[in-house]
Amino acid sequence: MSQPAPIAAAFPYQLVATDLDGTLLRPDDTVSQRTREALAAVTAAGAAHIIVTGRAVPWTRHILDDLGYEGLAVCGQGAQLYHAGEHRLLTSVTLDRQLAGLALSKIEAETGPLAIAASRDGIEGEVIVGPGYRVQEGPLPVVPFTDVADLWSAPLNKVYVQHPDLTDDELAMIARSVAGDLVGVTMAGPGVVELLPLGLSKATGLSLAARRLGVKAAHTIAFGDMPNDIPMFGWSAHGVAMANAHAELKSVADEVTTSNADDGIAVVLERLLG
C-alpha cells in the first residue's frame, strides 16, 4: 500500500514585507510571473504580503493596481499608510518645513549648493524638482520649480538632495553629521538621498501596519536592497538582502538571495514553502 504524499510544512511567517525598487521590481520595473506566483502561494498559506517602499503613494499606486494588490502598503519611507483596495490614505506624517530648511542650510554650508526635489503630501501629492536635480528615466511624473518659495508652499513628506561631485554615501554621511539632530537622513537608491521627519523609517511604518494586521515583528520576514531597508530588517525577525543590494544592507542581513532580476524573492519563498 503506497504512503500518502508528505504535507508541506506550514509557511513559517505571518507577514512578508517587500521593498519595491531593486527588490520586488525587476530592472524593467515589472514583477515576474514567478514572483507573483510565489507571493500568491504565501498568501494562500495564510500569510499577508505588504509592500514597504520609499516611494510616496502617487508613485506607488499604479504598481499596486497592476499587481491586483488590495491590502495595506507602507509608502513614503514610512510616512504614509495606504489602503490599496480602498484607494485611501490612512495615515500620513509630514516634514517640519522650518526644520528642513534649517537642515538644508547646514548641509549646504558644508557641501556647497545642492540640487533639491521634494515629495508633497497626499494621495495626489506631486514630486517637485528644482534646477539641476537628476530624475531617473521612467514614467514617474514630476513638476519642475525654479522659485525656492515653491519648495515650501505645501506640506511635504520628504526632501531629496543631490550633489554634483559627492557620492551618495558621502552626501548622506555629511548630512547626518551636521543635520542629523533636525531630520532623518537615508539613502533609498542611486542618486536618492532623502531628508525625513526625525525618527521616521520604514520600520515605524511597518510596525504601524503590522499592528493593524495583528502581526508581530517575530513573525515577519523582510526583503530589501538599500540602506533605507536597514530599520525594517532590524524590526523584522528575518531580513533578506538581494544580491544587488548595497553593501551596508548586506552586512546586517540574515541572508542574501539572488538579484531582483533573478527572482530573489521567489527563490526564498519557494524554499520556505517547501
# chains A, B, ... in the order shown; residues from 1 in each chain; ligands from 1
$ residues_around --residues "Ile123 (chain A)" --least-positions-apart "3" --cutoff "8 Å" --atoms "only C-alpha atoms" --output "list in words"
Val57, Pro58, Arg88 and Leu89 of chain A
$ select_by_dssp --residues "region 34-116 of chain A" --states "strand (DSSP E)" --output "ChimeraX atom specification"
/A:48-52,72-75,80-83,88-92,115-116
$ write_last_selection --atoms "C-alpha atoms" --output "compact mmCIF listing (two decimals), in the first residue's frame"
# COMPACT_ATOMS: atom_id res chain seq x y z
CA ALA A 48 -0.03 38.58 4.42
CA HIS A 49 2.12 40.40 1.88
CA ILE A 50 2.84 44.07 2.48
CA ILE A 51 4.77 46.46 0.25
CA VAL A 52 7.09 48.83 2.12
CA LEU A 72 -2.05 47.92 3.15
CA ALA A 73 1.10 49.50 1.77
CA VAL A 74 3.72 51.49 3.64
CA CYS A 75 4.83 54.36 1.40
CA GLN A 80 2.23 57.04 4.63
CA LEU A 81 -0.01 54.08 5.32
CA TYR A 82 -2.16 53.47 2.24
CA HIS A 83 -5.10 51.12 1.77
CA ARG A 88 -7.39 55.66 0.69
CA LEU A 89 -4.59 57.25 2.70
CA LEU A 90 -4.96 56.06 6.30
CA THR A 91 -2.13 57.94 7.99
CA SER A 92 0.47 60.45 6.88
CA ALA A 115 20.11 70.13 -6.23
CA ILE A 116 16.77 69.69 -4.47
$ select_by_dssp --residues "region 11-137 of chain A" --states "alpha helix (DSSP H)" --output "PyMOL selection string"
chain A and resi 33-44+61-67+97-111
$ residues_around --residues "Ala40 (chain A)" --least-positions-apart "6" --cutoff "12 Å" --atoms "only C-alpha atoms" --output "VMD selection string"
chain A and resid 16 33 to 34 46 to 49 67 to 69 266 269 to 270 273
$ closest_residue --among "A:Gly191, A:Pro155, A:Gly274, A:Gly71" --to "Ala41 (chain A)" --atoms "only C-alpha atoms"
A:Gly274
$ residues_around --residues "region 163-178 of chain A" --least-positions-apart "6" --cutoff "7 Å" --atoms "only C-alpha atoms" --output "list in words"
Lys106, Ile107, Leu114, Ala115, Val185, Thr186, Met187, Gly191 and Val193 of chain A
$ residues_around --residues "Leu99 (chain A)" --least-positions-apart "4" --cutoff "9 Å" --atoms "only C-alpha atoms" --output "MDAnalysis selection string"
chainID A and resid 95 103:104 182:183
$ closest_residue --among "A:Thr220, A:Thr43, A:Ser207, A:Asn228" --to "Pro190 (chain A)" --atoms "only C-alpha atoms"
A:Asn228
$ residues_around --residues "Thr257 (chain A)" --least-positions-apart "2" --cutoff "6 Å" --atoms "only C-alpha atoms" --output "PDB file with all heavy atoms, in the first residue's frame"
ATOM      1  N   MET A 242      18.878  41.415  -1.330  1.00  0.00           N
ATOM      2  CA  MET A 242      19.034  40.949  -2.697  1.00  0.00           C
ATOM      3  C   MET A 242      20.522  40.923  -3.064  1.00  0.00           C
ATOM      4  O   MET A 242      21.338  41.636  -2.473  1.00  0.00           O
ATOM      5  CB  MET A 242      18.283  41.872  -3.660  1.00  0.00           C
ATOM      6  CG  MET A 242      16.876  42.240  -3.227  1.00  0.00           C
ATOM      7  SD  MET A 242      15.795  40.829  -2.899  1.00  0.00           S
ATOM      8  CE  MET A 242      15.478  40.268  -4.586  1.00  0.00           C
ATOM      9  N   ALA A 243      20.882  40.116  -4.055  1.00  0.00           N
ATOM     10  CA  ALA A 243      22.283  40.052  -4.493  1.00  0.00           C
ATOM     11  C   ALA A 243      22.777  41.403  -4.982  1.00  0.00           C
ATOM     12  O   ALA A 243      23.970  41.713  -4.894  1.00  0.00           O
ATOM     13  CB  ALA A 243      22.444  39.000  -5.583  1.00  0.00           C
ATOM     14  N   GLY A 264      14.824  36.879  -6.821  1.00  0.00           N
ATOM     15  CA  GLY A 264      15.364  36.620  -5.487  1.00  0.00           C
ATOM     16  C   GLY A 264      14.315  36.408  -4.421  1.00  0.00           C
ATOM     17  O   GLY A 264      14.494  35.572  -3.521  1.00  0.00           O
TER      18      GLY A 264
END
$ residues_around --residues "Ile265 (chain A)" --least-positions-apart "4" --cutoff "10 Å" --atoms "only C-alpha atoms" --output "list of chain:residue names"
A:Val16, A:Thr18, A:Thr23, A:Leu24, A:Arg34, A:Thr35, A:Arg36, A:Ala38, A:Leu39, A:Ala222, A:Phe223, A:Gly224, A:Val240, A:Ala241, A:Met242, A:Thr257, A:Thr258, A:Ser259, A:Asn260, A:Leu269, A:Glu270
$ write_last_selection --atoms "N, CA and C atoms" --output "PDB file, in the first residue's frame"
ATOM      1  N   VAL A  16       4.998  38.987   5.065  1.00  0.00           N
ATOM      2  CA  VAL A  16       6.117  39.121   4.129  1.00  0.00           C
ATOM      3  C   VAL A  16       6.157  40.572   3.689  1.00  0.00           C
ATOM      4  N   THR A  18       7.995  43.456   1.521  1.00  0.00           N
ATOM      5  CA  THR A  18       8.910  43.593   0.395  1.00  0.00           C
ATOM      6  C   THR A  18       9.065  45.051  -0.008  1.00  0.00           C
ATOM      7  N   THR A  23      14.059  45.321  -5.605  1.00  0.00           N
ATOM      8  CA  THR A  23      13.696  44.155  -4.783  1.00  0.00           C
ATOM      9  C   THR A  23      12.545  43.390  -5.429  1.00  0.00           C
ATOM     10  N   LEU A  24      11.334  43.885  -5.274  1.00  0.00           N
ATOM     11  CA  LEU A  24      10.183  43.240  -5.913  1.00  0.00           C
ATOM     12  C   LEU A  24      10.164  43.531  -7.411  1.00  0.00           C
ATOM     13  N   ARG A  34       6.929  34.427 -11.897  1.00  0.00           N
ATOM     14  CA  ARG A  34       7.376  33.511 -10.841  1.00  0.00           C
ATOM     15  C   ARG A  34       7.203  34.151  -9.459  1.00  0.00           C
ATOM     16  N   THR A  35       7.573  35.411  -9.337  1.00  0.00           N
ATOM     17  CA  THR A  35       7.441  36.100  -8.051  1.00  0.00           C
ATOM     18  C   THR A  35       5.979  36.307  -7.700  1.00  0.00           C
ATOM     19  N   ARG A  36       5.157  36.634  -8.686  1.00  0.00           N
ATOM     20  CA  ARG A  36       3.712  36.774  -8.435  1.00  0.00           C
ATOM     21  C   ARG A  36       3.133  35.461  -7.886  1.00  0.00           C
ATOM     22  N   ALA A  38       4.760  32.999  -6.355  1.00  0.00           N
ATOM     23  CA  ALA A  38       5.285  32.711  -5.016  1.00  0.00           C
ATOM     24  C   ALA A  38       4.545  33.521  -3.960  1.00  0.00           C
ATOM     25  N   LEU A  39       4.279  34.793  -4.242  1.00  0.00           N
ATOM     26  CA  LEU A  39       3.540  35.610  -3.293  1.00  0.00           C
ATOM     27  C   LEU A  39       2.095  35.134  -3.152  1.00  0.00           C
ATOM     28  N   ALA A 222      11.429  40.142   5.865  1.00  0.00           N
ATOM     29  CA  ALA A 222      11.507  41.354   5.052  1.00  0.00           C
ATOM     30  C   ALA A 222      12.568  41.209   3.969  1.00  0.00           C
ATOM     31  N   PHE A 223      12.309  41.818   2.817  1.00  0.00           N
ATOM     32  CA  PHE A 223      13.222  41.793   1.669  1.00  0.00           C
ATOM     33  C   PHE A 223      13.545  43.234   1.275  1.00  0.00           C
ATOM     34  N   GLY A 224      14.842  43.499   0.976  1.00  0.00           N
ATOM     35  CA  GLY A 224      15.214  44.843   0.569  1.00  0.00           C
ATOM     36  C   GLY A 224      16.555  44.886  -0.131  1.00  0.00           C
ATOM     37  N   VAL A 240      16.205  39.674   4.428  1.00  0.00           N
ATOM     38  CA  VAL A 240      16.825  39.066   3.243  1.00  0.00           C
ATOM     39  C   VAL A 240      17.237  40.183   2.279  1.00  0.00           C
ATOM     40  N   ALA A 241      18.532  40.277   2.009  1.00  0.00           N
ATOM     41  CA  ALA A 241      19.047  41.267   1.059  1.00  0.00           C
ATOM     42  C   ALA A 241      19.156  40.625  -0.316  1.00  0.00           C
ATOM     43  N   MET A 242      18.878  41.415  -1.330  1.00  0.00           N
ATOM     44  CA  MET A 242      19.034  40.949  -2.697  1.00  0.00           C
ATOM     45  C   MET A 242      20.522  40.923  -3.064  1.00  0.00           C
ATOM     46  N   THR A 257      19.896  36.665  -1.021  1.00  0.00           N
ATOM     47  CA  THR A 257      19.298  35.848  -2.069  1.00  0.00           C
ATOM     48  C   THR A 257      19.829  36.290  -3.431  1.00  0.00           C
ATOM     49  N   THR A 258      19.270  35.769  -4.488  1.00  0.00           N
ATOM     50  CA  THR A 258      19.667  36.195  -5.829  1.00  0.00           C
ATOM     51  C   THR A 258      19.127  37.597  -6.095  1.00  0.00           C
ATOM     52  N   SER A 259      19.452  38.167  -7.226  1.00  0.00           N
ATOM     53  CA  SER A 259      19.107  39.559  -7.502  1.00  0.00           C
ATOM     54  C   SER A 259      17.625  39.728  -7.827  1.00  0.00           C
ATOM     55  N   ASN A 260      17.204  40.978  -7.906  1.00  0.00           N
ATOM     56  CA  ASN A 260      15.829  41.264  -8.300  1.00  0.00           C
ATOM     57  C   ASN A 260      15.567  40.841  -9.740  1.00  0.00           C
ATOM     58  N   LEU A 269      11.004  32.410  -0.929  1.00  0.00           N
ATOM     59  CA  LEU A 269       9.647  31.996  -0.557  1.00  0.00           C
ATOM     60  C   LEU A 269       9.367  30.561  -0.962  1.00  0.00           C
ATOM     61  N   GLU A 270       9.839  30.163  -2.138  1.00  0.00           N
ATOM     62  CA  GLU A 270       9.642  28.780  -2.586  1.00  0.00           C
ATOM     63  C   GLU A 270      10.322  27.796  -1.647  1.00  0.00           C
TER      64      GLU A 270
END
$ atom_distance --atom1 "CA of His238 (chain A)" --atom2 "CA of Ala217 (chain A)"
9.2 Å
$ closest_residue --among "A:Val42, A:Thr53, A:Thr30, A:Gly85" --to "Arg271 (chain A)" --atoms "only C-alpha atoms"
A:Val42
